[in-house]
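Peer 1: mmCIF, C-alpha atoms, file model31.cif:
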```
data_entry
#
loop_
_atom_site.label_atom_id
_atom_site.label_comp_id
_atom_site.auth_asym_id
_atom_site.auth_seq_id
_atom_site.Cartn_x
_atom_site.Cartn_y
_atom_site.Cartn_z
CA MET A 1 -3.80 -1.73 31.99
CA ALA A 2 -7.26 -2.00 33.47
CA SER A 3 -8.61 0.31 30.81
CA ILE A 4 -7.07 -1.81 28.04
CA VAL A 5 -8.83 -4.88 29.36
CA LYS A 6 -12.03 -2.90 29.70
CA GLU A 7 -11.86 -1.63 26.13
CA PHE A 8 -11.20 -5.14 24.93
CA THR A 9 -13.94 -6.91 26.88
CA LYS A 10 -16.67 -4.38 26.21
CA GLY A 11 -16.80 -5.63 22.64
CA LEU A 12 -17.52 -9.13 23.86
CA TRP A 13 -20.64 -8.46 25.91
CA GLU A 14 -21.61 -4.92 26.93
CA GLU A 15 -21.26 -3.49 23.45
CA VAL A 16 -21.16 -6.59 21.26
CA PRO A 17 -21.70 -4.97 17.87
CA PRO A 18 -24.44 -6.85 16.01
CA PHE A 19 -26.67 -7.38 19.03
CA ARG A 20 -26.21 -4.17 21.01
CA PHE A 21 -25.78 -1.66 18.23
CA VAL A 22 -27.42 -3.73 15.51
CA LEU A 23 -24.48 -2.79 13.27
CA GLY A 24 -23.17 -4.68 10.27
CA LEU A 25 -26.35 -6.68 9.94
CA CYS A 26 -26.31 -7.37 6.20
CA SER A 27 -23.33 -9.62 6.50
CA VAL A 28 -24.58 -11.16 9.74
CA LEU A 29 -27.73 -12.22 7.95
CA ALA A 30 -26.00 -13.31 4.77
CA VAL A 31 -23.00 -15.36 5.82
CA THR A 32 -24.38 -17.19 8.84
CA THR A 33 -25.73 -20.12 6.85
CA SER A 34 -22.64 -22.09 7.78
CA MET A 35 -19.97 -21.94 10.44
CA SER A 36 -17.04 -21.90 8.05
CA SER A 37 -18.25 -18.84 6.15
CA ALA A 38 -19.15 -17.07 9.40
CA ILE A 39 -15.71 -17.64 10.89
CA GLY A 40 -14.07 -16.71 7.59
CA LEU A 41 -15.84 -13.38 7.39
CA GLY A 42 -15.32 -12.84 11.11
CA GLY A 43 -11.58 -13.29 10.72
CA GLY A 44 -11.56 -10.75 7.91
CA VAL A 45 -13.51 -8.26 10.01
CA ILE A 46 -11.16 -8.71 12.98
CA PHE A 47 -8.18 -7.90 10.78
CA VAL A 48 -9.91 -4.88 9.26
CA THR A 49 -11.14 -3.38 12.56
CA VAL A 50 -7.74 -3.83 14.17
CA MET A 51 -5.80 -2.40 11.25
CA SER A 52 -8.14 0.53 10.69
CA ASN A 53 -8.34 1.36 14.41
CA VAL A 54 -4.57 1.28 14.82
CA LEU A 55 -3.86 3.38 11.73
CA VAL A 56 -6.63 5.87 12.38
CA SER A 57 -5.46 6.28 15.95
CA ALA A 58 -1.82 6.65 14.93
CA LEU A 59 -2.75 9.32 12.38
CA ARG A 60 -5.40 11.02 14.52
CA LYS A 61 -3.32 14.16 15.10
CA VAL A 62 -2.49 14.75 11.45
CA ILE A 63 -5.83 13.96 9.83
CA PRO A 64 -7.72 17.23 9.25
CA ASP A 65 -11.27 16.99 10.59
CA LYS A 66 -12.93 17.94 7.33
CA VAL A 67 -11.47 15.07 5.31
CA ARG A 68 -11.37 12.46 8.08
CA ILE A 69 -14.11 10.26 6.66
CA ALA A 70 -12.34 10.10 3.31
CA VAL A 71 -9.07 9.17 5.00
CA PHE A 72 -10.79 6.54 7.16
CA ILE A 73 -12.39 4.97 4.12
CA VAL A 74 -9.07 4.84 2.27
CA ILE A 75 -7.50 3.07 5.25
CA ILE A 76 -10.41 0.67 5.68
CA ALA A 77 -10.56 -0.13 1.98
CA THR A 78 -6.84 -0.91 1.99
CA ALA A 79 -7.27 -3.35 4.86
CA VAL A 80 -10.22 -4.99 3.12
CA ILE A 81 -8.32 -5.47 -0.13
CA ILE A 82 -5.44 -7.05 1.79
CA VAL A 83 -7.97 -9.47 3.28
CA GLU A 84 -9.47 -10.14 -0.12
CA LEU A 85 -6.15 -10.87 -1.82
CA THR A 86 -4.93 -13.04 1.03
CA MET A 87 -8.12 -15.04 1.05
CA GLN A 88 -7.97 -15.47 -2.71
CA ALA A 89 -4.39 -16.67 -2.48
CA TYR A 90 -4.64 -19.03 0.47
CA PHE A 91 -8.32 -19.82 1.13
CA TYR A 92 -9.79 -19.94 -2.33
CA GLY A 93 -12.78 -22.07 -1.35
CA LEU A 94 -13.77 -19.59 1.33
CA TYR A 95 -13.21 -16.73 -1.08
CA GLU A 96 -15.65 -18.31 -3.54
CA VAL A 97 -18.28 -18.83 -0.83
CA LEU A 98 -18.03 -15.35 0.69
CA GLY A 99 -17.80 -13.62 -2.69
CA ILE A 100 -19.16 -10.09 -2.58
CA TRP A 101 -19.29 -10.01 1.22
CA ILE A 102 -15.54 -9.55 1.51
CA PRO A 103 -15.34 -6.26 -0.42
CA LEU A 104 -18.51 -5.19 1.38
CA ILE A 105 -16.63 -5.19 4.69
CA VAL A 106 -15.58 -1.69 3.58
CA VAL A 107 -19.09 -0.43 4.18
CA ASN A 108 -19.68 -2.48 7.31
CA CYS A 109 -20.82 0.27 9.70
CA LEU A 110 -19.00 -1.46 12.52
CA VAL A 111 -15.57 -0.67 11.11
CA LEU A 112 -16.21 2.97 10.26
CA GLY A 113 -18.15 3.33 13.50
CA ARG A 114 -15.19 2.28 15.62
CA ALA A 115 -12.83 4.56 13.68
CA GLU A 116 -15.14 7.54 14.07
CA ALA A 117 -16.40 6.94 17.59
CA PHE A 118 -13.30 5.54 19.23
CA ALA A 119 -10.00 5.38 17.40
CA ARG A 120 -9.84 9.02 16.34
CA LYS A 121 -9.92 10.14 19.98
CA GLN A 122 -7.93 7.43 21.76
CA SER A 123 -4.37 6.15 21.97
CA VAL A 124 -3.07 3.43 19.67
CA ILE A 125 -3.01 0.77 22.38
CA LEU A 126 -6.58 1.41 23.48
CA SER A 127 -7.73 1.49 19.85
CA LEU A 128 -6.02 -1.82 19.23
CA ALA A 129 -7.81 -3.35 22.21
CA ASP A 130 -11.09 -1.84 21.10
CA GLY A 131 -10.70 -3.08 17.51
CA LEU A 132 -9.71 -6.55 18.61
CA GLY A 133 -12.55 -6.78 21.10
CA MET A 134 -15.14 -5.51 18.66
CA GLY A 135 -13.87 -7.79 15.90
CA ILE A 136 -13.91 -10.84 18.14
CA GLY A 137 -17.31 -9.88 19.50
CA PHE A 138 -18.59 -9.59 15.95
CA THR A 139 -17.09 -12.96 15.03
CA LEU A 140 -18.55 -14.65 18.12
CA SER A 141 -21.97 -13.23 17.34
CA LEU A 142 -21.69 -14.56 13.79
CA ALA A 143 -20.59 -17.91 15.18
CA VAL A 144 -23.55 -18.16 17.55
CA VAL A 145 -26.11 -17.33 14.87
CA ALA A 146 -24.33 -19.58 12.36
CA SER A 147 -24.23 -22.47 14.84
CA ILE A 148 -27.95 -22.26 15.43
CA ARG A 149 -28.70 -22.01 11.74
CA GLU A 150 -26.30 -24.69 10.61
CA ILE A 151 -27.04 -27.25 13.33
CA ILE A 152 -30.81 -26.90 13.32
CA GLY A 153 -31.10 -25.99 9.66
CA ALA A 154 -28.77 -28.50 8.05
CA GLY A 155 -27.83 -30.84 10.90
CA THR A 156 -24.14 -30.10 10.47
CA TRP A 157 -21.50 -27.98 12.19
CA PHE A 158 -18.44 -26.85 10.22
CA GLY A 159 -19.80 -29.20 7.57
CA ILE A 160 -19.60 -32.23 9.87
CA GLN A 161 -22.79 -34.17 10.54
CA VAL A 162 -23.78 -33.63 14.18
CA MET A 163 -27.44 -34.55 14.11
CA PRO A 164 -28.53 -38.17 13.62
CA ALA A 165 -28.47 -39.15 9.96
CA ILE A 166 -32.27 -39.34 9.82
CA TYR A 167 -32.59 -35.66 10.84
CA PRO A 168 -34.46 -34.12 7.91
CA GLY A 169 -33.09 -30.59 8.37
CA PHE A 170 -35.07 -27.40 8.77
CA THR A 171 -34.23 -25.48 5.63
CA TYR A 172 -36.33 -22.49 6.67
CA LEU A 173 -33.51 -21.47 8.99
CA LEU A 174 -31.02 -21.47 6.13
CA LYS A 175 -33.14 -19.03 4.12
CA PRO A 176 -33.06 -15.25 4.70
CA PRO A 177 -36.24 -15.17 6.85
CA GLY A 178 -34.69 -17.79 9.10
CA ALA A 179 -31.76 -15.43 9.61
CA PHE A 180 -34.09 -12.68 10.78
CA VAL A 181 -35.88 -15.02 13.16
CA CYS A 182 -32.58 -16.25 14.63
CA LEU A 183 -31.30 -12.73 15.02
CA GLY A 184 -34.53 -11.59 16.66
CA ILE A 185 -34.43 -14.44 19.15
CA MET A 186 -30.78 -13.68 19.92
CA LEU A 187 -31.51 -9.98 20.48
CA GLY A 188 -34.39 -10.90 22.80
CA LEU A 189 -32.29 -13.37 24.77
CA MET A 190 -29.46 -10.86 25.13
CA ASN A 191 -31.89 -8.30 26.53
CA VAL A 192 -33.45 -10.77 28.98
CA VAL A 193 -30.05 -11.86 30.26
CA SER A 194 -28.82 -8.27 30.51
CA ALA A 195 -31.94 -7.20 32.39
CA ARG A 196 -31.47 -10.05 34.85
CA LEU A 197 -27.82 -9.15 35.39
CA ASP A 198 -28.65 -5.50 35.91
CA ALA A 199 -31.37 -6.39 38.42
CA LYS A 200 -28.87 -8.54 40.33
CA LYS A 201 -26.32 -5.72 40.36
CA LYS A 202 -28.91 -3.31 41.68
CA ALA A 203 -30.05 -5.76 44.35
CA ALA A 204 -26.46 -6.26 45.43
CA ALA A 205 -25.88 -2.53 45.60
CA MET Q 1 -10.71 28.19 6.18
CA THR Q 2 -7.28 29.39 5.25
CA VAL Q 3 -5.27 28.33 2.25
CA ARG Q 4 -3.01 26.53 4.69
CA ASP Q 5 -5.89 24.33 5.85
CA ILE Q 6 -6.80 23.45 2.31
CA ILE Q 7 -3.23 22.54 1.44
CA ASN Q 8 -2.99 20.51 4.61
CA MET Q 9 -6.09 18.52 3.65
CA ILE Q 10 -4.85 17.91 0.14
CA VAL Q 11 -1.43 16.81 1.36
CA VAL Q 12 -2.77 14.44 4.02
CA LEU Q 13 -5.30 12.82 1.74
CA THR Q 14 -2.76 12.46 -1.04
CA VAL Q 15 -0.08 10.99 1.18
CA VAL Q 16 -2.47 8.53 2.83
CA SER Q 17 -3.80 7.41 -0.55
CA LEU Q 18 -0.32 7.06 -2.00
CA VAL Q 19 0.96 5.01 0.90
CA CYS Q 20 -2.12 2.79 0.85
CA GLY Q 21 -1.91 2.38 -2.90
CA GLY Q 22 1.77 1.51 -2.73
CA GLY Q 23 1.17 -0.99 0.05
CA LEU Q 24 -1.61 -2.63 -1.90
CA ALA Q 25 0.53 -2.86 -5.00
CA MET Q 26 3.09 -4.76 -2.95
CA VAL Q 27 0.48 -7.10 -1.50
CA LYS Q 28 -0.86 -7.67 -5.00
CA MET Q 29 2.58 -8.53 -6.32
CA ALA Q 30 3.31 -10.80 -3.40
CA THR Q 31 0.11 -12.78 -3.84
CA ALA Q 32 -0.22 -12.70 -7.64
CA GLU Q 33 1.45 -16.02 -8.27
CA GLN Q 34 -0.41 -17.83 -5.52
CA VAL Q 35 -3.74 -16.35 -6.64
CA GLU Q 36 -3.16 -17.51 -10.20
CA TYR Q 37 -2.26 -20.97 -8.95
CA GLN Q 38 -5.43 -21.16 -6.86
CA LYS Q 39 -7.58 -19.98 -9.74
CA ILE Q 40 -6.22 -22.59 -12.11
CA LYS Q 41 -6.34 -25.23 -9.39
CA ASN Q 42 -10.00 -24.58 -8.66
CA VAL Q 43 -11.28 -23.75 -12.11
CA LYS Q 44 -9.24 -25.91 -14.47
CA GLU Q 45 -8.16 -28.82 -12.35
CA PRO Q 46 -11.53 -30.61 -12.34
CA ALA Q 47 -11.40 -30.67 -16.15
CA LEU Q 48 -7.72 -31.67 -16.15
CA LYS Q 49 -8.47 -34.58 -13.86
CA LYS Q 50 -10.96 -35.87 -16.43
CA ILE Q 51 -8.46 -35.96 -19.26
CA LEU Q 52 -5.19 -36.84 -17.56
CA SER Q 53 -4.65 -40.08 -15.76
CA ASP Q 54 -1.85 -42.08 -14.23
CA TYR Q 55 0.36 -39.11 -13.31
CA ASP Q 56 2.14 -38.47 -10.05
CA ASN Q 57 3.07 -34.78 -10.28
CA ASP Q 58 0.91 -31.67 -9.87
CA PRO Q 59 0.16 -30.51 -13.42
CA VAL Q 60 -1.06 -27.15 -12.08
CA SER Q 61 2.40 -26.43 -10.68
CA ASP Q 62 4.12 -27.85 -13.74
CA ARG Q 63 2.61 -25.44 -16.18
CA LYS Q 64 3.99 -23.07 -18.74
CA THR Q 65 2.37 -20.23 -20.60
CA ILE Q 66 3.34 -19.76 -24.21
CA ILE Q 67 2.29 -17.18 -26.75
CA THR Q 68 0.24 -18.66 -29.56
CA GLY Q 69 -0.42 -15.96 -32.08
CA LYS Q 70 -2.10 -12.58 -31.83
CA ASP Q 71 -5.75 -11.61 -31.58
CA SER Q 72 -7.50 -9.02 -33.77
CA LYS Q 73 -6.25 -6.17 -31.54
CA GLY Q 74 -2.67 -7.30 -31.86
CA LYS Q 75 -2.50 -8.61 -28.31
CA ASP Q 76 -0.71 -11.87 -27.63
CA ILE Q 77 -2.92 -14.91 -27.20
CA LYS Q 78 -1.60 -16.99 -24.36
CA THR Q 79 -2.08 -20.69 -23.91
CA THR Q 80 -1.24 -22.44 -20.70
CA ILE Q 81 0.25 -25.88 -21.10
CA PHE Q 82 -0.03 -28.41 -18.29
CA TYR Q 83 2.48 -31.21 -18.04
CA ALA Q 84 1.58 -34.61 -16.60
CA LYS Q 85 4.56 -36.64 -15.48
CA LYS Q 86 5.11 -40.01 -13.97
CA GLY Q 87 8.33 -40.79 -12.19
CA GLY Q 88 9.74 -37.55 -13.62
CA LYS Q 89 9.02 -38.61 -17.19
CA LEU Q 90 6.61 -36.60 -19.32
CA ILE Q 91 3.59 -38.73 -20.20
CA ALA Q 92 1.16 -36.13 -21.54
CA VAL Q 93 0.64 -32.44 -22.16
CA ALA Q 94 -2.76 -30.77 -21.78
CA PHE Q 95 -4.09 -27.38 -22.80
CA GLU Q 96 -7.28 -25.60 -23.70
CA ALA Q 97 -8.43 -24.44 -27.13
CA TYR Q 98 -11.60 -22.82 -28.36
CA GLY Q 99 -14.11 -23.28 -31.16
CA SER Q 100 -17.42 -21.60 -31.75
CA GLY Q 101 -20.61 -23.53 -31.10
CA TYR Q 102 -24.28 -22.67 -31.30
CA GLY Q 103 -24.35 -20.43 -28.25
CA GLY Q 104 -20.87 -18.93 -28.35
CA PRO Q 105 -17.32 -20.08 -27.80
CA ILE Q 106 -16.75 -23.62 -26.59
CA GLY Q 107 -13.64 -24.33 -24.56
CA VAL Q 108 -12.20 -27.81 -24.80
CA VAL Q 109 -9.25 -29.13 -22.84
CA MET Q 110 -7.33 -31.91 -24.51
CA SER Q 111 -4.41 -34.04 -23.58
CA ILE Q 112 -1.79 -35.33 -25.95
CA ASN Q 113 0.05 -38.41 -24.79
CA GLN Q 114 3.82 -38.36 -25.03
CA PRO Q 115 5.97 -39.42 -26.70
CA ASP Q 116 3.63 -41.21 -29.17
CA GLU Q 117 1.62 -38.02 -29.86
CA VAL Q 118 -1.90 -39.38 -29.84
CA LEU Q 119 -4.87 -37.56 -28.45
CA GLY Q 120 -5.54 -38.84 -24.94
CA ALA Q 121 -8.88 -37.38 -24.04
CA ILE Q 122 -10.94 -34.22 -24.37
CA ALA Q 123 -13.39 -32.49 -22.05
CA ALA Q 124 -15.51 -29.38 -22.51
CA THR Q 125 -14.83 -26.54 -20.08
CA THR Q 126 -16.68 -23.32 -20.80
CA ASN Q 127 -19.67 -23.33 -23.09
CA SER Q 128 -22.99 -21.62 -23.41
CA GLU Q 129 -24.77 -24.27 -25.45
CA THR Q 130 -28.47 -24.93 -24.90
CA PRO Q 131 -28.34 -27.36 -21.96
CA SER Q 132 -30.93 -29.74 -23.43
CA VAL Q 133 -29.34 -29.90 -26.88
CA GLY Q 134 -25.68 -28.95 -27.15
CA GLY Q 135 -25.20 -29.34 -23.42
CA ILE Q 136 -25.85 -33.04 -23.77
CA VAL Q 137 -23.11 -33.27 -26.38
CA MET Q 138 -20.74 -31.64 -23.92
CA ALA Q 139 -21.62 -34.14 -21.22
CA SER Q 140 -22.00 -37.36 -23.25
CA SER Q 141 -19.14 -39.61 -24.16
CA GLU Q 142 -20.46 -40.27 -27.67
CA LEU Q 143 -18.54 -37.40 -29.22
CA ARG Q 144 -15.68 -37.45 -26.75
CA ASP Q 145 -14.81 -41.10 -27.32
CA GLN Q 146 -14.31 -40.54 -31.03
CA TYR Q 147 -11.22 -38.47 -30.26
CA ALA Q 148 -9.38 -40.74 -27.88
CA GLY Q 149 -6.30 -42.39 -29.32
CA LYS Q 150 -6.28 -40.53 -32.64
CA PRO Q 151 -2.93 -39.21 -33.87
CA VAL Q 152 -2.44 -35.45 -33.77
CA ASP Q 153 -2.37 -35.05 -37.54
CA ALA Q 154 -5.69 -36.83 -38.14
CA ASN Q 155 -8.39 -34.77 -39.83
CA PHE Q 156 -10.57 -33.79 -36.89
CA GLY Q 157 -13.31 -32.28 -39.05
CA LEU Q 158 -16.78 -33.80 -39.14
CA ASN Q 159 -17.16 -36.61 -41.65
CA SER Q 160 -19.58 -34.47 -43.67
CA ALA Q 161 -16.54 -32.27 -44.31
CA GLY Q 162 -14.22 -35.16 -45.03
CA GLY Q 163 -13.05 -35.66 -41.46
CA ILE Q 164 -13.22 -38.61 -39.12
CA ILE Q 165 -15.72 -37.37 -36.54
CA ASN Q 166 -19.41 -38.27 -36.63
CA ALA Q 167 -21.58 -35.34 -35.52
CA ILE Q 168 -24.18 -35.97 -32.85
CA SER Q 169 -27.49 -35.72 -34.68
CA GLY Q 170 -29.58 -32.76 -33.57
CA ALA Q 171 -26.57 -30.93 -32.22
CA THR Q 172 -24.50 -30.37 -35.31
CA MET Q 173 -23.44 -26.86 -34.33
CA SER Q 174 -22.15 -27.99 -30.96
CA SER Q 175 -20.37 -30.92 -32.58
CA ILE Q 176 -18.74 -28.55 -35.05
CA GLY Q 177 -17.75 -26.30 -32.16
CA VAL Q 178 -16.04 -29.11 -30.29
CA SER Q 179 -14.42 -30.37 -33.43
CA THR Q 180 -13.04 -26.93 -34.39
CA ALA Q 181 -11.77 -26.47 -30.84
CA VAL Q 182 -9.87 -29.74 -31.12
CA LYS Q 183 -8.66 -28.82 -34.62
CA ASN Q 184 -7.43 -25.46 -33.34
CA GLY Q 185 -5.76 -27.21 -30.46
CA MET Q 186 -3.92 -29.55 -32.81
CA GLU Q 187 -2.83 -26.60 -34.94
CA ILE Q 188 -1.42 -24.93 -31.84
CA TYR Q 189 0.33 -28.12 -30.82
CA LYS Q 190 1.89 -28.72 -34.21
CA LYS Q 191 2.90 -25.10 -34.72
CA TYR Q 192 4.38 -24.53 -31.27
CA LYS Q 193 5.58 -28.04 -30.55
CA SER Q 194 9.13 -26.97 -29.94
CA ASP Q 195 7.95 -24.36 -27.41
CA ILE Q 196 5.60 -26.79 -25.73
CA LEU Q 197 8.03 -29.64 -25.39
CA GLY Q 198 11.12 -27.49 -25.05
#
```
Just give me the structure as C-alpha cells.
Peer 2:
Amino acid sequence: MASIVKEFTKGLWEEVPPFRFVLGLCSVLAVTTSMSSAIGLGGGVIFVTVMSNVLVSALRKVIPDKVRIAVFIVIIATAVIIVELTMQAYFYGLYEVLGIWIPLIVVNCLVLGRAEAFARKQSVILSLADGLGMGIGFTLSLAVVASIREIIGAGTWFGIQVMPAIYPGFTYLLKPPGAFVCLGIMLGLMNVVSARLDAKKKAAA
Amino acid sequence: MTVRDIINMIVVLTVVSLVCGGGLAMVKMATAEQVEYQKIKNVKEPALKKILSDYDNDPVSDRKTIITGKDSKGKDIKTTIFYAKKGGKLIAVAFEAYGSGYGGPIGVVMSINQPDEVLGAIAATTNSETPSVGGIVMASSELRDQYAGKPVDANFGLNSAGGIINAISGATMSSIGVSTAVKNGMEIYKKYKSDILG
C-alpha cells in the first residue's frame, strides 16, 4: 500500500514531469495560454497515461522485447484517438481550441517514457498509480503555468475576469516567448524550493 | 533469433493491433452520431440562426438528410434539411445549396417558410470571394433582402438575365454565385418536395 501511495505522489512533486524531466514541453508551451485548454489537454493526458500504463503493464509478459516500442505506440495511439473522439463528441469547443495538440499526445515523451521506464517492469496496480500521478502532476503543472499566463497576460481565469476592468493585460505572456519565460521561472522556483527542502532534511538528519 | 521468436513477435503485434483497431471502431461508431451533431451545431447553427426565427425546437436535432441527385462520379449528393417548428407545427425548412462565384463555390443557406412556401431568408456560409469585393456582397443586406418573401417559383436569376434580382455593381460574379445557389436550392426544393416535407 505504501508503495502505491509513493508511486502516485512522486508524480506530483519529486518527479513532476514537465519541471523535473522537462518532458512533454511542446504542449506545455502551446496550450497554457488559457486555463480551460490547459485543463482540457491535462485531462486527455491523464486518461492516456493511465490507460497506456495499465495495458502495457498487463501485457508486459507477452510483449516481445524487440517489438515493444511498436506495441506501446499502438496502445498509446488507441488511447489518444479515444480521447480525440470523445472530445469531439462532447466538448466540441475544447476540441476546436486544442486542435492538433490532441493527436500529438501520442508523441508526448511523458506517455511513452512512463510505459518504457515504469509500466513494462511493474505490476498493474503500481503502473496505474504511477500513470495517474504522472498525469495529474502534468495537469497541475499545466494549470500553474496557464494560471500565471492567463491571469497576468489576459486578466482572466477560466475566461472569467479576475483583474480590475482597467487592467490592460500583458500580452507578451500569451505569446510563445512568454511561455518560455514562465516555464523558466517555474523551473528555477522548483529548484530553489527543492534545494531548501533538501537542506532542511539534511540538517534534521 | 529463432523462427519461434519471429512468429511470436508477429502474432503479438498483430493481435494487439487488431484488438486496438476493433476497439476504436466501436468507439467511432458509438460517438459518430454525437460528433456529427456537434459539427453541425457548431458550424451550421450560426448561419441557421440568421435565417430562421421564431422557432422553439432545435433544428439541428430535427434534421433529415435526403439524396438530391448524383455527382459526376456517380456518388449520391446529400442535402441536410433542417426543420424549424413552433408549438410542434412546422414553420420553415432550411438547407444549404451551392453556386459558383468569382473565387470558387459559394454556399448559401436558405429557409422556406411553411406552409405558404415563400423564401424566408438567405445567408452565405462558405465562400472564397475576395473579401473587399465579393466578400462585401456576402455580408451586406443589399443582395440578401431582395430574396426575402419571394415565392419559391420566382425567377431568381439576375435581372440582366430576365430574373428579379439586381446584381451588386462591381461584384457581378459573386451576385451570380449567390443567385445560382438560391436557384439550385429552389430546384432541389421543388424536385424533392415530397421527400423534404414527407
Peer 1: Interatomic distance between CA of Thr49 in chain A and CA of Glu36 in chain Q?
Peer 2: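 Answer for the CA of Thr49 in chain A to CA of Glu36 in chain Q separation: 28.0 Å.
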Peer 1: Determine which residues of chain Q sit within 9 Å of chain A, taking into account only C-alpha atoms, and present them as a ChimeraX atom specification.
Peer 2: /Q:5,8-10,12-13,16-17,20-21,23-24,27-28,31-39,42
Peer 1: Do you know which residues the PyMOL selection byres ((chain Q and resi 174) around 6) returns on this file, as a PyMOL selection string?
Peer 2: chain Q and resi 101-102+134+171-173+175-177
Peer 1: Print the selection's residues with C-alpha atoms to a file, as an mmCIF file, keeping the file's coordinate frame.
Peer 2:
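Wrote again-v3.cif, looks like this:
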```
data_model
loop_
_atom_site.group_PDB
_atom_site.id
_atom_site.type_symbol
_atom_site.label_atom_id
_atom_site.label_comp_id
_atom_site.auth_asym_id
_atom_site.auth_seq_id
_atom_site.Cartn_x
_atom_site.Cartn_y
_atom_site.Cartn_z
ATOM 1 C CA GLY Q 101 -20.610 -23.530 -31.100
ATOM 2 C CA TYR Q 102 -24.280 -22.670 -31.300
ATOM 3 C CA GLY Q 134 -25.680 -28.950 -27.150
ATOM 4 C CA ALA Q 171 -26.570 -30.930 -32.220
ATOM 5 C CA THR Q 172 -24.500 -30.370 -35.310
ATOM 6 C CA MET Q 173 -23.440 -26.860 -34.330
ATOM 7 C CA SER Q 175 -20.370 -30.920 -32.580
ATOM 8 C CA ILE Q 176 -18.740 -28.550 -35.050
ATOM 9 C CA GLY Q 177 -17.750 -26.300 -32.160
#
```
Peer 1: Any chance you could resolve the PyMOL selection byres ((chain A and resi 118-124) around 7) against this file and give the residues as a PyMOL selection string?
Peer 2: chain A and resi 53-54+56-58+60+114-117+125-128
Peer 1: When you look at Ile148 in chain A with a cut-off of 9 Å (counting only C-alpha atoms), what residues show up, excluding the ones that are within fewer than 4 positions of it in the same chain? I need them as a compact mmCIF listing (two decimals) with C-alpha atoms, keeping the file's coordinate frame.
Peer 2:
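The resulting file, part29.txt, is shown below:
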```txt
# COMPACT_ATOMS: atom_id res chain seq x y z
CA ALA A 143 -20.59 -17.91 15.18
CA VAL A 144 -23.55 -18.16 17.55
CA ILE A 152 -30.81 -26.90 13.32
CA GLY A 153 -31.10 -25.99 9.66
CA LEU A 173 -33.51 -21.47 8.99
CA CYS A 182 -32.58 -16.25 14.63
```
Peer 1: Which value, in Å to one decimal, gives the distance between CA of Lys85 in chain Q and CA of Tyr55 in chain Q?
Peer 2: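 Result for CA of Lys85 in chain Q versus CA of Tyr55 in chain Q: 5.3 Å, one decimal.
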Peer 1: With the file shown as input, list the residues that the PyMOL selection byres ((chain A and resi 188-200) around 12) selects, as a short mmCIF file (atom, residue, chain, number, x, y, z; two decimals) with C-alpha atoms, in the frame of the given file.
Peer 2:
```cif
data_model
loop_
_atom_site.label_atom_id
_atom_site.label_comp_id
_atom_site.auth_asym_id
_atom_site.auth_seq_id
_atom_site.Cartn_x
_atom_site.Cartn_y
_atom_site.Cartn_z
CA TRP A 13 -20.64 -8.46 25.91
CA GLU A 14 -21.61 -4.92 26.93
CA GLU A 15 -21.26 -3.49 23.45
CA VAL A 16 -21.16 -6.59 21.26
CA PRO A 18 -24.44 -6.85 16.01
CA PHE A 19 -26.67 -7.38 19.03
CA ARG A 20 -26.21 -4.17 21.01
CA SER A 141 -21.97 -13.23 17.34
CA VAL A 181 -35.88 -15.02 13.16
CA CYS A 182 -32.58 -16.25 14.63
CA LEU A 183 -31.30 -12.73 15.02
CA GLY A 184 -34.53 -11.59 16.66
CA ILE A 185 -34.43 -14.44 19.15
CA MET A 186 -30.78 -13.68 19.92
CA LEU A 187 -31.51 -9.98 20.48
CA LYS A 201 -26.32 -5.72 40.36
CA LYS A 202 -28.91 -3.31 41.68
CA ALA A 203 -30.05 -5.76 44.35
CA ALA A 204 -26.46 -6.26 45.43
CA ALA A 205 -25.88 -2.53 45.60
#
```
Peer 1: Just the number, please: distance in Å from CA of Asp130 in chain A to CA of Leu110 in chain A, one decimal.
Peer 2: 11.7 Å
Peer 1: When you count all atoms listed in the file, which of these residues is closest to Ile73 in chain A: A:Gly169, A:Val31, A:Trp157, A:Val107?
Peer 2: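 For Ile73 in chain A, the nearest of the candidates is A:Val107.
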Peer 1: Taking all atoms listed in the file into account, name the residue in A:Ala154, A:Ser3, A:Phe47, A:Val80 that is nearest to Ile166 in chain A.
Peer 2: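 Residue with the minimum atom-to-atom distance to Ile166 in chain A: A:Ala154.
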Peer 1: Just want the 12 Å neighbourhood of Lys89 in chain Q, counted on only C-alpha atoms, with same-chain residues fewer than 4 positions away dropped. Output as an mmCIF file with C-alpha atoms, in the coordinates of the input.
Peer 2:
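Saved to part_16.cif:
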```
data_model
loop_
_atom_site.group_PDB
_atom_site.id
_atom_site.type_symbol
_atom_site.label_atom_id
_atom_site.label_comp_id
_atom_site.auth_asym_id
_atom_site.auth_seq_id
_atom_site.Cartn_x
_atom_site.Cartn_y
_atom_site.Cartn_z
ATOM 1 C CA ASP Q 54 -1.850 -42.080 -14.230
ATOM 2 C CA TYR Q 55 0.360 -39.110 -13.310
ATOM 3 C CA ASP Q 56 2.140 -38.470 -10.050
ATOM 4 C CA ASN Q 57 3.070 -34.780 -10.280
ATOM 5 C CA TYR Q 83 2.480 -31.210 -18.040
ATOM 6 C CA ALA Q 84 1.580 -34.610 -16.600
ATOM 7 C CA LYS Q 85 4.560 -36.640 -15.480
ATOM 8 C CA VAL Q 93 0.640 -32.440 -22.160
ATOM 9 C CA ASN Q 113 0.050 -38.410 -24.790
ATOM 10 C CA GLN Q 114 3.820 -38.360 -25.030
ATOM 11 C CA PRO Q 115 5.970 -39.420 -26.700
#
```
Peer 1: Just checking: using all atoms listed in the file, which residue out of Q:Ile188, Q:Ala181, Q:Ile196, Q:Ile164 ends up closest to Arg63 in chain Q?
Peer 2: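 Looking at the shortest contact to Arg63 in chain Q, the residue is Q:Ile196.
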Peer 1: Smallest atom-to-atom distance to Pro151 in chain Q: which of Q:Ile112, Q:Met26, Q:Ile122, Q:Ala94, using all atoms listed in the file?
Peer 2: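 Result for the nearest residue to Pro151 in chain Q: Q:Ile112.
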Peer 1: Tell me which of A:Ala129, A:Val145, A:Met51, A:Leu174 sits closest to Ile4 in chain A, counting only C-alpha atoms.
Peer 2: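 Counting only C-alpha atoms, the residue closest to Ile4 in chain A is A:Ala129.
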Peer 1: Which residue, Q:Val182, Q:Ile165, Q:Val43, Q:Leu197, has the smallest gap to Gly107 in chain Q when you use all atoms listed in the file?
Peer 2: Q:Val182
